[in-house]
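**Student:** File follows, entry-v4.pdb with PDB, C-alpha atoms:
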ATOM      1  CA  MET A 257       2.486 -21.952  19.297
ATOM      2  CA  SER A 258       5.790 -23.765  19.898
ATOM      3  CA  THR A 259       8.578 -23.763  17.364
ATOM      4  CA  THR A 260      11.195 -26.451  16.951
ATOM      5  CA  LYS A 261      14.739 -25.359  16.196
ATOM      6  CA  LYS A 262      16.043 -27.343  13.267
ATOM      7  CA  THR A 263      19.455 -28.949  13.541
ATOM      8  CA  PRO A 264      21.576 -28.220  10.450
ATOM      9  CA  SER A 265      22.194 -31.249   8.267
ATOM     10  CA  ARG A 266      25.685 -32.700   8.119
ATOM     11  CA  HIS A 267      26.109 -31.339   4.598
ATOM     12  CA  ALA A 268      25.010 -27.859   5.665
ATOM     13  CA  ALA A 269      27.329 -27.930   8.690
ATOM     14  CA  LEU A 270      30.294 -28.838   6.473
ATOM     15  CA  GLY A 271      29.377 -26.042   4.073
ATOM     16  CA  GLU A 272      29.257 -23.501   6.882
ATOM     17  CA  MET A 273      32.601 -24.705   8.219
ATOM     18  CA  LYS A 274      34.226 -24.399   4.792
ATOM     19  CA  VAL A 275      33.008 -20.816   4.360
ATOM     20  CA  ARG A 276      34.337 -19.918   7.807
ATOM     21  CA  LEU A 277      37.686 -21.575   7.129
ATOM     22  CA  LEU A 278      38.174 -19.832   3.802
ATOM     23  CA  ARG A 279      37.522 -16.460   5.445
ATOM     24  CA  VAL A 280      40.146 -17.174   8.095
ATOM     25  CA  ILE A 281      42.604 -18.502   5.492
ATOM     26  CA  GLN A 282      42.306 -15.243   3.556
ATOM     27  CA  ARG A 283      43.478 -13.410   6.675
ATOM     28  CA  LEU A 284      46.788 -15.274   6.413
ATOM     29  CA  GLU A 285      47.686 -12.895   3.557
ATOM     30  CA  ASP A 286      47.908  -9.949   5.976
ATOM     31  CA  ARG A 287      51.024 -10.044   8.155
ATOM     32  CA  ASP A 288      49.110  -8.242  10.907
ATOM     33  CA  THR A 289      46.603 -11.092  11.166
ATOM     34  CA  THR A 290      48.663 -14.109  10.012
ATOM     35  CA  ALA A 291      49.595 -15.344  13.498
ATOM     36  CA  LYS A 292      46.089 -14.908  14.934
ATOM     37  CA  ALA A 293      44.471 -16.590  11.920
ATOM     38  CA  GLY A 294      46.884 -19.520  12.207
ATOM     39  CA  GLU A 295      46.077 -19.924  15.902
ATOM     40  CA  GLU A 296      42.357 -19.826  15.143
ATOM     41  CA  LEU A 297      42.664 -22.522  12.489
ATOM     42  CA  ARG A 298      44.695 -24.753  14.795
ATOM     43  CA  GLY A 299      42.075 -24.279  17.496
ATOM     44  CA  VAL A 300      39.357 -25.358  15.080
ATOM     45  CA  CYS A 301      41.442 -28.377  14.031
ATOM     46  CA  GLU A 302      41.872 -29.583  17.603
ATOM     47  CA  SER A 303      38.179 -29.238  18.484
ATOM     48  CA  LEU A 304      36.726 -30.853  15.358
ATOM     49  CA  PRO A 305      34.213 -33.681  15.644
ATOM     50  CA  LEU A 306      35.311 -36.760  13.729
ATOM     51  CA  THR A 307      32.619 -36.196  11.088
ATOM     52  CA  GLN A 308      34.198 -32.877  10.045
ATOM     53  CA  VAL A 309      37.876 -33.869   9.924
ATOM     54  CA  ALA A 310      37.833 -34.878   6.240
ATOM     55  CA  GLY A 311      36.036 -31.650   5.252
ATOM     56  CA  PHE A 312      38.495 -29.517   7.220
ATOM     57  CA  ILE A 313      41.547 -31.151   5.649
ATOM     58  CA  ALA A 314      39.940 -31.070   2.190
ATOM     59  CA  THR A 315      39.496 -27.295   2.533
ATOM     60  CA  LEU A 316      43.172 -26.885   3.433
ATOM     61  CA  ILE A 317      44.104 -29.074   0.455
ATOM     62  CA  GLU A 318      42.100 -26.780  -1.834
ATOM     63  CA  SER A 319      43.958 -23.774  -0.399
ATOM     64  CA  VAL A 320      47.301 -25.467  -1.129
ATOM     65  CA  GLU A 321      46.218 -26.390  -4.662
ATOM     66  CA  HIS A 322      44.995 -22.824  -5.319
ATOM     67  CA  PRO A 323      47.775 -20.943  -3.530
ATOM     68  CA  LEU A 324      47.594 -17.556  -1.874
ATOM     69  CA  LYS A 325      49.631 -14.682  -3.300
ATOM     70  CA  LYS A 326      52.087 -14.150  -0.450
ATOM     71  CA  GLY A 327      54.895 -16.672   0.108
ATOM     72  CA  TYR A 328      54.621 -16.520   3.905
ATOM     73  CA  ALA A 329      50.855 -17.205   3.628
ATOM     74  CA  ARG A 330      51.466 -20.242   1.385
ATOM     75  CA  ARG A 331      54.021 -21.567   3.869
ATOM     76  CA  GLU A 332      51.525 -21.176   6.704
ATOM     77  CA  VAL A 333      48.768 -23.031   4.827
ATOM     78  CA  ILE A 334      51.156 -25.925   4.140
ATOM     79  CA  ARG A 335      52.224 -25.944   7.786
ATOM     80  CA  LEU A 336      48.574 -26.001   8.854
ATOM     81  CA  LEU A 337      47.812 -28.871   6.487
ATOM     82  CA  ALA A 338      50.750 -30.873   7.855
ATOM     83  CA  ASP A 339      49.811 -30.133  11.477
ATOM     84  CA  SER A 340      46.156 -31.005  10.882
ATOM     85  CA  ALA A 341      46.928 -34.237   9.034
ATOM     86  CA  SER A 342      49.358 -35.225  11.799
ATOM     87  CA  TYR A 343      46.889 -34.356  14.565
ATOM     88  CA  HIS A 344      44.161 -36.487  12.970
ATOM     89  CA  ALA A 345      46.487 -39.097  11.429
ATOM     90  CA  GLU A 346      44.657 -42.053  12.952
ATOM     91  CA  SER A 347      41.391 -41.085  11.241
ATOM     92  CA  LEU A 348      42.853 -40.498   7.746
ATOM     93  CA  ASP A 349      42.049 -43.145   5.160
ATOM     94  CA  THR A 350      44.283 -44.022   2.215
ATOM     95  CA  SER A 351      42.426 -41.783  -0.219
ATOM     96  CA  MET A 352      42.832 -38.743   2.033
ATOM     97  CA  VAL A 353      46.549 -39.443   2.552
ATOM     98  CA  THR A 354      46.903 -39.681  -1.239
ATOM     99  CA  ARG A 355      45.150 -36.311  -1.646
ATOM    100  CA  VAL A 356      47.384 -34.650   0.945
ATOM    101  CA  VAL A 357      50.530 -36.013  -0.709
ATOM    102  CA  ALA A 358      49.314 -34.935  -4.165
ATOM    103  CA  ALA A 359      48.677 -31.376  -2.936
ATOM    104  CA  LEU A 360      52.081 -31.166  -1.252
ATOM    105  CA  THR A 361      53.809 -32.596  -4.336
ATOM    106  CA  LYS A 362      52.187 -29.919  -6.487
ATOM    107  CA  ALA A 363      53.285 -27.244  -4.007
ATOM    108  CA  CYS A 364      56.866 -28.598  -4.237
ATOM    109  CA  GLY A 365      57.064 -26.668  -7.512
ATOM    110  CA  ASP A 366      56.550 -23.282  -5.847
ATOM    111  CA  LYS A 367      58.938 -20.517  -6.934
ATOM    112  CA  ASP A 368      59.598 -19.701  -3.269
ATOM    113  CA  SER A 369      62.350 -21.966  -1.878
ATOM    114  CA  GLY A 370      60.886 -21.520   1.603
ATOM    115  CA  VAL A 371      57.588 -23.011   0.435
ATOM    116  CA  ARG A 372      59.424 -25.969  -1.118
ATOM    117  CA  GLU A 373      61.292 -26.566   2.146
ATOM    118  CA  GLU A 374      57.994 -26.373   4.056
ATOM    119  CA  CYS A 375      56.543 -29.008   1.730
ATOM    120  CA  ALA A 376      59.467 -31.330   2.398
ATOM    121  CA  GLU A 377      59.074 -30.913   6.152
ATOM    122  CA  ALA A 378      55.331 -31.526   5.829
ATOM    123  CA  MET A 379      55.919 -34.778   3.928
ATOM    124  CA  GLY A 380      58.302 -36.059   6.589
ATOM    125  CA  SER A 381      55.908 -35.037   9.356
ATOM    126  CA  LEU A 382      53.066 -36.920   7.682
ATOM    127  CA  VAL A 383      55.105 -40.133   7.392
ATOM    128  CA  ILE A 384      56.114 -39.902  11.047
ATOM    129  CA  SER A 385      52.530 -39.311  12.216
ATOM    130  CA  LEU A 386      50.722 -42.029  10.275
ATOM    131  CA  PRO A 387      50.170 -44.971  12.652
ATOM    132  CA  SER A 388      50.483 -47.501   9.824
ATOM    133  CA  LEU A 389      52.045 -47.260   6.387
ATOM    134  CA  PRO A 390      52.295 -50.655   4.668
ATOM    135  CA  SER A 391      53.406 -49.087   1.375
ATOM    136  CA  PHE A 392      55.330 -45.951   0.414
ATOM    137  CA  ARG A 393      53.876 -45.987  -3.098
ATOM    138  CA  PRO A 394      51.542 -43.018  -2.311
ATOM    139  CA  PHE A 395      54.695 -40.981  -1.598
ATOM    140  CA  PHE A 396      57.301 -42.355  -3.993
ATOM    141  CA  GLN A 397      55.186 -42.460  -7.144
ATOM    142  CA  PRO A 398      54.107 -38.772  -7.232
ATOM    143  CA  LEU A 399      57.517 -37.517  -6.082
ATOM    144  CA  CYS A 400      59.344 -39.499  -8.784
ATOM    145  CA  SER A 401      56.867 -38.250 -11.379
ATOM    146  CA  ALA A 402      57.499 -34.676 -10.214
ATOM    147  CA  MET A 403      61.257 -35.142 -10.553
ATOM    148  CA  GLU A 404      60.768 -36.405 -14.106
ATOM    149  CA  GLY A 405      58.828 -33.262 -15.030
ATOM    150  CA  PRO A 406      60.280 -30.206 -16.805
ATOM    151  CA  SER A 407      60.064 -27.709 -13.915
ATOM    152  CA  PRO A 408      63.416 -27.109 -12.118
ATOM    153  CA  ASP A 409      61.568 -25.873  -9.020
ATOM    154  CA  GLN A 410      59.400 -29.011  -8.998
ATOM    155  CA  GLN A 411      62.481 -31.207  -9.318
ATOM    156  CA  GLN A 412      64.254 -29.444  -6.447
ATOM    157  CA  GLY A 413      61.207 -29.514  -4.191
ATOM    158  CA  ALA A 414      60.400 -33.166  -4.880
ATOM    159  CA  ALA A 415      64.011 -34.242  -4.225
ATOM    160  CA  LEU A 416      63.984 -32.434  -0.872
ATOM    161  CA  ALA A 417      60.645 -34.032  -0.005
ATOM    162  CA  LEU A 418      61.973 -37.486  -0.874
ATOM    163  CA  GLN A 419      64.886 -36.928   1.507
ATOM    164  CA  ALA A 420      62.425 -36.142   4.294
ATOM    165  CA  VAL A 421      60.251 -39.155   3.511
ATOM    166  CA  VAL A 422      63.051 -41.746   3.578
ATOM    167  CA  SER A 423      64.562 -40.169   6.717
ATOM    168  CA  ALA A 424      61.328 -40.566   8.705
ATOM    169  CA  PRO A 425      61.887 -44.106  10.121
ATOM    170  CA  ALA A 426      65.250 -43.102  11.601
ATOM    171  CA  LEU A 427      63.697 -40.011  13.192
ATOM    172  CA  ILE A 428      60.851 -42.098  14.652
ATOM    173  CA  ALA A 429      63.289 -44.600  16.154
ATOM    174  CA  ALA A 430      65.475 -41.849  17.598
ATOM    175  CA  GLY A 431      62.620 -39.831  19.062
ATOM    176  CA  GLU A 432      60.300 -42.452  20.513
ATOM    177  CA  GLY A 433      60.448 -45.724  22.377
ATOM    178  CA  GLY A 434      58.006 -48.633  22.465
ATOM    179  CA  ARG A 435      55.377 -48.119  19.805
ATOM    180  CA  GLY A 436      57.679 -45.685  18.019
ATOM    181  CA  VAL A 437      60.315 -48.367  17.498
ATOM    182  CA  GLU A 438      57.720 -50.745  16.043
ATOM    183  CA  SER A 439      56.398 -47.996  13.765
ATOM    184  CA  ALA A 440      59.935 -47.244  12.589
ATOM    185  CA  LYS A 441      60.545 -50.917  11.797
ATOM    186  CA  GLU A 442      57.288 -51.220   9.866
ATOM    187  CA  LYS A 443      58.000 -48.116   7.793
ATOM    188  CA  ALA A 444      61.599 -49.168   7.163
ATOM    189  CA  MET A 445      60.293 -52.506   5.858
ATOM    190  CA  ALA A 446      57.905 -50.654   3.539
ATOM    191  CA  ILE A 447      60.799 -48.562   2.198
ATOM    192  CA  ALA A 448      62.906 -51.719   1.788
ATOM    193  CA  SER A 449      60.099 -53.252  -0.265
ATOM    194  CA  SER A 450      60.122 -50.220  -2.576
ATOM    195  CA  VAL A 451      63.923 -50.464  -2.938
ATOM    196  CA  GLU A 452      63.640 -54.133  -3.857
ATOM    197  CA  LYS A 453      60.917 -53.338  -6.412
ATOM    198  CA  GLY A 454      63.009 -50.922  -8.428
ATOM    199  CA  LEU A 455      63.090 -47.586  -6.587
ATOM    200  CA  VAL A 456      66.887 -47.275  -6.855
ATOM    201  CA  ALA A 457      66.864 -47.989 -10.596
ATOM    202  CA  LYS A 458      64.177 -45.332 -10.973
ATOM    203  CA  LEU A 459      66.191 -42.756  -9.032
ATOM    204  CA  LEU A 460      69.366 -43.521 -10.999
ATOM    205  CA  LYS A 461      67.437 -43.086 -14.233
ATOM    206  CA  ILE A 462      66.199 -39.685 -13.026
ATOM    207  CA  LEU A 463      69.726 -38.664 -11.994
ATOM    208  CA  ASN A 464      71.019 -39.427 -15.462
ATOM    209  CA  GLN A 465      68.451 -37.270 -17.249
ATOM    210  CA  PRO A 466      70.237 -34.270 -18.821
ATOM    211  CA  THR A 467      67.388 -31.949 -17.850
ATOM    212  CA  PHE A 468      67.431 -32.937 -14.166
ATOM    213  CA  VAL A 469      68.789 -30.094 -12.009
ATOM    214  CA  ALA A 470      68.376 -31.482  -8.468
ATOM    215  CA  ALA A 471      71.101 -34.137  -8.554
ATOM    216  CA  SER A 472      72.853 -32.856  -5.420
ATOM    217  CA  SER A 473      69.650 -33.202  -3.363
ATOM    218  CA  LEU A 474      68.675 -36.560  -4.845
ATOM    219  CA  LEU A 475      72.148 -37.997  -4.250
ATOM    220  CA  MET A 476      71.645 -37.457  -0.522
ATOM    221  CA  VAL A 477      68.634 -39.782  -0.679
ATOM    222  CA  PHE A 478      71.000 -42.720  -1.233
ATOM    223  CA  GLY A 479      72.832 -41.921   1.981
ATOM    224  CA  ARG A 480      69.523 -41.828   3.854
ATOM    225  CA  LEU A 481      68.451 -45.134   2.277
ATOM    226  CA  ALA A 482      71.741 -46.740   3.316
ATOM    227  CA  ALA A 483      71.081 -45.695   6.907
ATOM    228  CA  VAL A 484      67.439 -46.838   6.976
ATOM    229  CA  VAL A 485      67.480 -49.998   4.803
ATOM    230  CA  PRO A 486      71.140 -51.118   4.437
ATOM    231  CA  VAL A 487      70.341 -54.747   3.623
ATOM    232  CA  ALA A 488      67.851 -53.870   0.878
ATOM    233  CA  LEU A 489      70.146 -51.228  -0.617
ATOM    234  CA  SER A 490      73.395 -53.219  -0.565
ATOM    235  CA  PRO A 491      72.743 -55.200  -3.816
ATOM    236  CA  LYS A 492      72.169 -51.862  -5.581
ATOM    237  CA  LEU A 493      75.344 -50.205  -4.297
ATOM    238  CA  PRO A 494      77.714 -51.478  -7.044
ATOM    239  CA  THR A 495      75.527 -49.707  -9.628
ATOM    240  CA  LEU A 496      75.644 -46.549  -7.544
ATOM    241  CA  PHE A 497      79.426 -46.793  -7.105
ATOM    242  CA  ASN A 498      79.865 -47.208 -10.864
ATOM    243  CA  ALA A 499      77.995 -43.965 -11.439
ATOM    244  CA  LEU A 500      79.869 -41.916  -8.809
ATOM    245  CA  PRO A 501      82.915 -41.013 -10.971
ATOM    246  CA  GLY A 502      80.619 -39.326 -13.462
ATOM    247  CA  TRP A 503      78.975 -37.241 -10.740
ATOM    248  CA  LEU A 504      82.346 -36.350  -9.214
ATOM    249  CA  ALA A 505      83.340 -35.003 -12.647
ATOM    250  CA  SER A 506      80.162 -32.949 -13.040
ATOM    251  CA  LYS A 507      80.394 -29.293 -14.074
ATOM    252  CA  ASP A 508      78.010 -28.474 -11.221
ATOM    253  CA  HIS A 509      80.006 -28.106  -8.004
ATOM    254  CA  ALA A 510      76.897 -28.920  -5.917
ATOM    255  CA  VAL A 511      76.674 -32.314  -7.654
ATOM    256  CA  ARG A 512      80.392 -32.992  -7.065
ATOM    257  CA  ARG A 513      79.987 -32.129  -3.415
ATOM    258  CA  GLY A 514      76.808 -34.207  -3.123
ATOM    259  CA  ALA A 515      78.513 -37.248  -4.654
ATOM    260  CA  ALA A 516      81.469 -37.022  -2.261
ATOM    261  CA  THR A 517      79.222 -36.458   0.755
ATOM    262  CA  THR A 518      77.001 -39.407  -0.157
ATOM    263  CA  LEU A 519      80.016 -41.673  -0.549
ATOM    264  CA  ALA A 520      81.327 -40.584   2.858
ATOM    265  CA  VAL A 521      77.983 -41.364   4.497
ATOM    266  CA  ILE A 522      77.787 -44.815   2.900
ATOM    267  CA  ALA A 523      81.422 -45.589   3.730
ATOM    268  CA  ARG A 524      80.913 -44.776   7.418
ATOM    269  CA  LEU A 525      77.855 -47.012   7.490
ATOM    270  CA  GLY A 526      80.039 -49.764   6.064
ATOM    271  CA  GLU A 527      81.928 -49.888   9.366
ATOM    272  CA  GLU A 528      78.694 -50.750  11.234
ATOM    273  CA  GLU A 529      76.511 -52.458   8.634
ATOM    274  CA  SER A 530      78.027 -55.654   7.223
ATOM    275  CA  ALA A 531      75.680 -55.564   4.208
ATOM    276  CA  VAL A 532      77.036 -52.160   3.199
ATOM    277  CA  GLY A 533      80.618 -53.067   4.023
ATOM    278  CA  ALA A 534      80.416 -56.202   1.851
ATOM    279  CA  ALA A 535      79.631 -54.031  -1.181
ATOM    280  CA  LEU A 536      82.863 -52.109  -0.611
ATOM    281  CA  THR A 537      85.273 -54.777  -1.829
ATOM    282  CA  SER A 538      89.013 -54.077  -1.850
ATOM    283  CA  ARG A 539      88.999 -53.511  -5.601
ATOM    284  CA  ARG A 540      85.991 -51.214  -5.367
ATOM    285  CA  LYS A 541      87.607 -49.192  -2.572
ATOM    286  CA  GLU A 542      90.801 -48.831  -4.586
ATOM    287  CA  GLN A 543      88.898 -47.569  -7.632
ATOM    288  CA  LEU A 544      86.856 -45.096  -5.599
ATOM    289  CA  LEU A 545      89.916 -43.785  -3.757
ATOM    290  CA  LEU A 546      91.719 -43.191  -7.051
ATOM    291  CA  THR A 547      88.693 -41.270  -8.326
ATOM    292  CA  LEU A 548      88.519 -39.190  -5.145
ATOM    293  CA  GLU A 549      92.264 -38.423  -5.198
ATOM    294  CA  ALA A 550      91.821 -36.924  -8.663
ATOM    295  CA  CYS A 551      89.238 -34.550  -7.164
ATOM    296  CA  ARG A 552      91.231 -33.582  -4.080
ATOM    297  CA  PHE A 553      92.260 -30.228  -5.549
ATOM    298  CA  ASP A 554      88.842 -29.126  -6.797
ATOM    299  CA  LYS A 555      88.654 -25.336  -7.275
ATOM    300  CA  ILE A 556      85.658 -25.121  -4.902
ATOM    301  CA  LYS A 557      86.577 -25.302  -1.207
ATOM    302  CA  ALA A 558      83.352 -27.038  -0.144
ATOM    303  CA  VAL A 559      83.968 -29.769  -2.722
ATOM    304  CA  ARG A 560      87.573 -30.217  -1.591
ATOM    305  CA  GLU A 561      86.435 -30.618   2.011
ATOM    306  CA  ALA A 562      83.767 -33.161   1.053
ATOM    307  CA  VAL A 563      86.284 -35.135  -1.018
ATOM    308  CA  VAL A 564      88.833 -35.239   1.806
ATOM    309  CA  ASP A 565      86.090 -36.391   4.203
ATOM    310  CA  ALA A 566      85.085 -39.146   1.757
ATOM    311  CA  ILE A 567      88.704 -40.299   1.405
ATOM    312  CA  GLU A 568      89.069 -40.530   5.199
ATOM    313  CA  ALA A 569      85.767 -42.393   5.582
ATOM    314  CA  LEU A 570      86.522 -44.860   2.787
ATOM    315  CA  SER A 571      90.073 -45.504   4.019
ATOM    316  CA  ALA A 572      88.721 -46.440   7.453
ATOM    317  CA  VAL A 573      86.415 -49.199   6.169
TER     318      VAL A 573
END
Can I see the file as structure tokens?
**Tutor:**
Amino acid sequence: MSTTKKTPSRHAALGEMKVRLLRVIQRLEDRDTTAKAGEELRGVCESLPLTQVAGFIATLIESVEHPLKKGYARREVIRLLADSASYHAESLDTSMVTRVVAALTKACGDKDSGVREECAEAMGSLVISLPSLPSFRPFFQPLCSAMEGPSPDQQQGAALALQAVVSAPALIAAGEGGRGVESAKEKAMAIASSVEKGLVAKLLKILNQPTFVAASSLLMVFGRLAAVVPVALSPKLPTLFNALPGWLASKDHAVRRGAATTLAVIARLGEEESAVGAALTSRRKEQLLLTLEACRFDKIKAVREAVVDAIEALSAV
């Protein structure tokens, strides 16, 4: 009597894969098996049939949302999620991208600064890898919401992630030719659209919240925006310049340094980008230089150095 071997259903195959993955993920907690487990998961990722990609990434998302105990294990899971999403970027639909971003945004609030930095790198990697990104709303909306929340760790992590996200087009253009240049242009246009629709006003509102503790990191976002979308940002620069004296007078030396550094970055761009340079009128330059001169003798060396650099950059425009 002959027997026919039954082929597992698609649902059963996905269930078996998830069980296997979770077992391997648990091995990330043991330093003796972390590296081998990571290699095994990457091997699975690269050999997946298209029908199992969504299930694989969904399992990693669950592991990010329900974090492991050890910080190094959480960092590795986030790295694996970023690598997997990047490897299969062309097959990810909008809903899956949204889920990945939501999981990473949640992980931005981790107590471990290394995990937060890994999340930021993962966000930037995802933006770079996606073949098309007509809108940055799936990134900007959750990150801004996280920065408006009460958790200082969440605010810090989200601000770092936002830096990575807005820096992505410049990194694409610098690292690739041909298709990479076109991808960079498309993503820069999507960022410009967000700037024109009120992103800067939103970020300034967040910066002015008394409970916001990541001002130094968020200030750097403006410098990145000036580099990536100078034309779109230029109408918003006067508002930013008006707010700079307050940040330069902050009790937090990291904020004072961040304000001076951001101004230096924007001033140097003004030499190359006419849209940015036009916002730095003679009167505006004079006012900013007077403000910077008053900060030249800050008690913190790093702030003094940033202020001197800003003075030099602004004087050269």
**Student:** Compare A:Pro494, A:Pro486, A:Gly405, A:Gly479 by their minimum atom-to-atom distance to Gln465 in chain A, counting all atoms listed in the file, and give me the closest one.
**Tutor:**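 When distances to Gln465 in chain A are compared using all atoms listed in the file, the smallest one comes from A:Gly405.
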**Student:** Name the residues captured by the PyMOL selection byres ((chain A and resi 371) around 12) when it is applied to the shown file; answer as a ChimeraX atom specification.
**Tutor:** /A:320,323-324,326-335,360-370,372-378,409-410,412-414,416-417
**Student:** Can I get the selection written as a tab-separated table (two decimals), in the coordinates of the input, with C-alpha atoms?
**Tutor:**
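Output file out-v6.tsv follows:
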chain	number	residue	atom	x	y	z
A	320	VAL	CA	47.30	-25.47	-1.13
A	323	PRO	CA	47.78	-20.94	-3.53
A	324	LEU	CA	47.59	-17.56	-1.87
A	326	LYS	CA	52.09	-14.15	-0.45
A	327	GLY	CA	54.90	-16.67	0.11
A	328	TYR	CA	54.62	-16.52	3.90
A	329	ALA	CA	50.86	-17.20	3.63
A	330	ARG	CA	51.47	-20.24	1.38
A	331	ARG	CA	54.02	-21.57	3.87
A	332	GLU	CA	51.52	-21.18	6.70
A	333	VAL	CA	48.77	-23.03	4.83
A	334	ILE	CA	51.16	-25.92	4.14
A	335	ARG	CA	52.22	-25.94	7.79
A	360	LEU	CA	52.08	-31.17	-1.25
A	361	THR	CA	53.81	-32.60	-4.34
A	362	LYS	CA	52.19	-29.92	-6.49
A	363	ALA	CA	53.28	-27.24	-4.01
A	364	CYS	CA	56.87	-28.60	-4.24
A	365	GLY	CA	57.06	-26.67	-7.51
A	366	ASP	CA	56.55	-23.28	-5.85
A	367	LYS	CA	58.94	-20.52	-6.93
A	368	ASP	CA	59.60	-19.70	-3.27
A	369	SER	CA	62.35	-21.97	-1.88
A	370	GLY	CA	60.89	-21.52	1.60
A	372	ARG	CA	59.42	-25.97	-1.12
A	373	GLU	CA	61.29	-26.57	2.15
A	374	GLU	CA	57.99	-26.37	4.06
A	375	CYS	CA	56.54	-29.01	1.73
A	376	ALA	CA	59.47	-31.33	2.40
A	377	GLU	CA	59.07	-30.91	6.15
A	378	ALA	CA	55.33	-31.53	5.83
A	409	ASP	CA	61.57	-25.87	-9.02
A	410	GLN	CA	59.40	-29.01	-9.00
A	412	GLN	CA	64.25	-29.44	-6.45
A	413	GLY	CA	61.21	-29.51	-4.19
A	414	ALA	CA	60.40	-33.17	-4.88
A	416	LEU	CA	63.98	-32.43	-0.87
A	417	ALA	CA	60.64	-34.03	0.00
**Student:** Taking all atoms listed in the file into account, which of A:Val451, A:Ala420, A:Leu348, A:Ile567 comes nearest Arg393 in chain A?
**Tutor:** A:Val451
**Student:** Would you kindly return, as a ChimeraX atom specification, each protein, DNA or RNA residue with an atom no farther than 8 Å from any atom of range 514-530 of chain A, considering all atoms listed in the file and excluding same-chain residues fewer than 6 positions away?
**Tutor:** /A:471-473,475-476,478-479,482-483,486,500,503-504,536,548,559,562-563,565-567,569-570,572-573
**Student:** Pick out the closest residue to Ser538 in chain A from this set: A:Leu297, A:Thr290, A:Ser571, A:Leu277. Count all atoms listed in the file.
**Tutor:**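 Residue with the minimum atom-to-atom distance to Ser538 in chain A: A:Ser571.
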**Student:** Between A:Arg512, A:Met445, A:Ser450, A:Ala415, which one has atoms that come closest to Ala470 in chain A, using only C-alpha atoms?
**Tutor:**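 Under the stated criterion, the closest residue is A:Ala415.
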**Student:** Given the file above and the PyMOL selection byres ((chain A and resi 273) around 12), which residues are selected, and can you give them as a ChimeraX atom specification?
**Tutor:** /A:264,266-272,274-280,297,300-301,304-305,307-316
**Student:** Using the selection just defined, write its residues with C-alpha atoms as a PDB file, keeping the file's coordinate frame.
**Tutor:**
ATOM      1  CA  PRO A 264      21.576 -28.220  10.450  1.00  0.00           C
ATOM      2  CA  ARG A 266      25.685 -32.700   8.119  1.00  0.00           C
ATOM      3  CA  HIS A 267      26.109 -31.339   4.598  1.00  0.00           C
ATOM      4  CA  ALA A 268      25.010 -27.859   5.665  1.00  0.00           C
ATOM      5  CA  ALA A 269      27.329 -27.930   8.690  1.00  0.00           C
ATOM      6  CA  LEU A 270      30.294 -28.838   6.473  1.00  0.00           C
ATOM      7  CA  GLY A 271      29.377 -26.042   4.073  1.00  0.00           C
ATOM      8  CA  GLU A 272      29.257 -23.501   6.882  1.00  0.00           C
ATOM      9  CA  LYS A 274      34.226 -24.399   4.792  1.00  0.00           C
ATOM     10  CA  VAL A 275      33.008 -20.816   4.360  1.00  0.00           C
ATOM     11  CA  ARG A 276      34.337 -19.918   7.807  1.00  0.00           C
ATOM     12  CA  LEU A 277      37.686 -21.575   7.129  1.00  0.00           C
ATOM     13  CA  LEU A 278      38.174 -19.832   3.802  1.00  0.00           C
ATOM     14  CA  ARG A 279      37.522 -16.460   5.445  1.00  0.00           C
ATOM     15  CA  VAL A 280      40.146 -17.174   8.095  1.00  0.00           C
ATOM     16  CA  LEU A 297      42.664 -22.522  12.489  1.00  0.00           C
ATOM     17  CA  VAL A 300      39.357 -25.358  15.080  1.00  0.00           C
ATOM     18  CA  CYS A 301      41.442 -28.377  14.031  1.00  0.00           C
ATOM     19  CA  LEU A 304      36.726 -30.853  15.358  1.00  0.00           C
ATOM     20  CA  PRO A 305      34.213 -33.681  15.644  1.00  0.00           C
ATOM     21  CA  THR A 307      32.619 -36.196  11.088  1.00  0.00           C
ATOM     22  CA  GLN A 308      34.198 -32.877  10.045  1.00  0.00           C
ATOM     23  CA  VAL A 309      37.876 -33.869   9.924  1.00  0.00           C
ATOM     24  CA  ALA A 310      37.833 -34.878   6.240  1.00  0.00           C
ATOM     25  CA  GLY A 311      36.036 -31.650   5.252  1.00  0.00           C
ATOM     26  CA  PHE A 312      38.495 -29.517   7.220  1.00  0.00           C
ATOM     27  CA  ILE A 313      41.547 -31.151   5.649  1.00  0.00           C
ATOM     28  CA  ALA A 314      39.940 -31.070   2.190  1.00  0.00           C
ATOM     29  CA  THR A 315      39.496 -27.295   2.533  1.00  0.00           C
ATOM     30  CA  LEU A 316      43.172 -26.885   3.433  1.00  0.00           C
TER      31      LEU A 316
END
**Student:** Mind filling out range 405-410 of chain A with N, CA and C atoms and sending it as a PDB file, in the frame of the given file?
**Tutor:**
ATOM      1  N   GLY A 405      59.469 -34.352 -14.307  1.00  0.00           N
ATOM      2  CA  GLY A 405      58.828 -33.262 -15.030  1.00  0.00           C
ATOM      3  C   GLY A 405      59.821 -32.204 -15.463  1.00  0.00           C
ATOM      4  N   PRO A 406      59.372 -31.214 -16.240  1.00  0.00           N
ATOM      5  CA  PRO A 406      60.280 -30.206 -16.805  1.00  0.00           C
ATOM      6  C   PRO A 406      60.618 -29.038 -15.883  1.00  0.00           C
ATOM      7  N   SER A 407      59.861 -28.875 -14.779  1.00  0.00           N
ATOM      8  CA  SER A 407      60.064 -27.709 -13.915  1.00  0.00           C
ATOM      9  C   SER A 407      61.259 -27.888 -12.973  1.00  0.00           C
ATOM     10  N   PRO A 408      62.270 -27.020 -13.039  1.00  0.00           N
ATOM     11  CA  PRO A 408      63.416 -27.109 -12.118  1.00  0.00           C
ATOM     12  C   PRO A 408      62.990 -26.958 -10.657  1.00  0.00           C
ATOM     13  N   ASP A 409      62.044 -26.054 -10.396  1.00  0.00           N
ATOM     14  CA  ASP A 409      61.568 -25.873  -9.020  1.00  0.00           C
ATOM     15  C   ASP A 409      60.887 -27.139  -8.516  1.00  0.00           C
ATOM     16  N   GLN A 410      60.085 -27.773  -9.367  1.00  0.00           N
ATOM     17  CA  GLN A 410      59.400 -29.011  -8.998  1.00  0.00           C
ATOM     18  C   GLN A 410      60.414 -30.118  -8.710  1.00  0.00           C
TER      19      GLN A 410
END
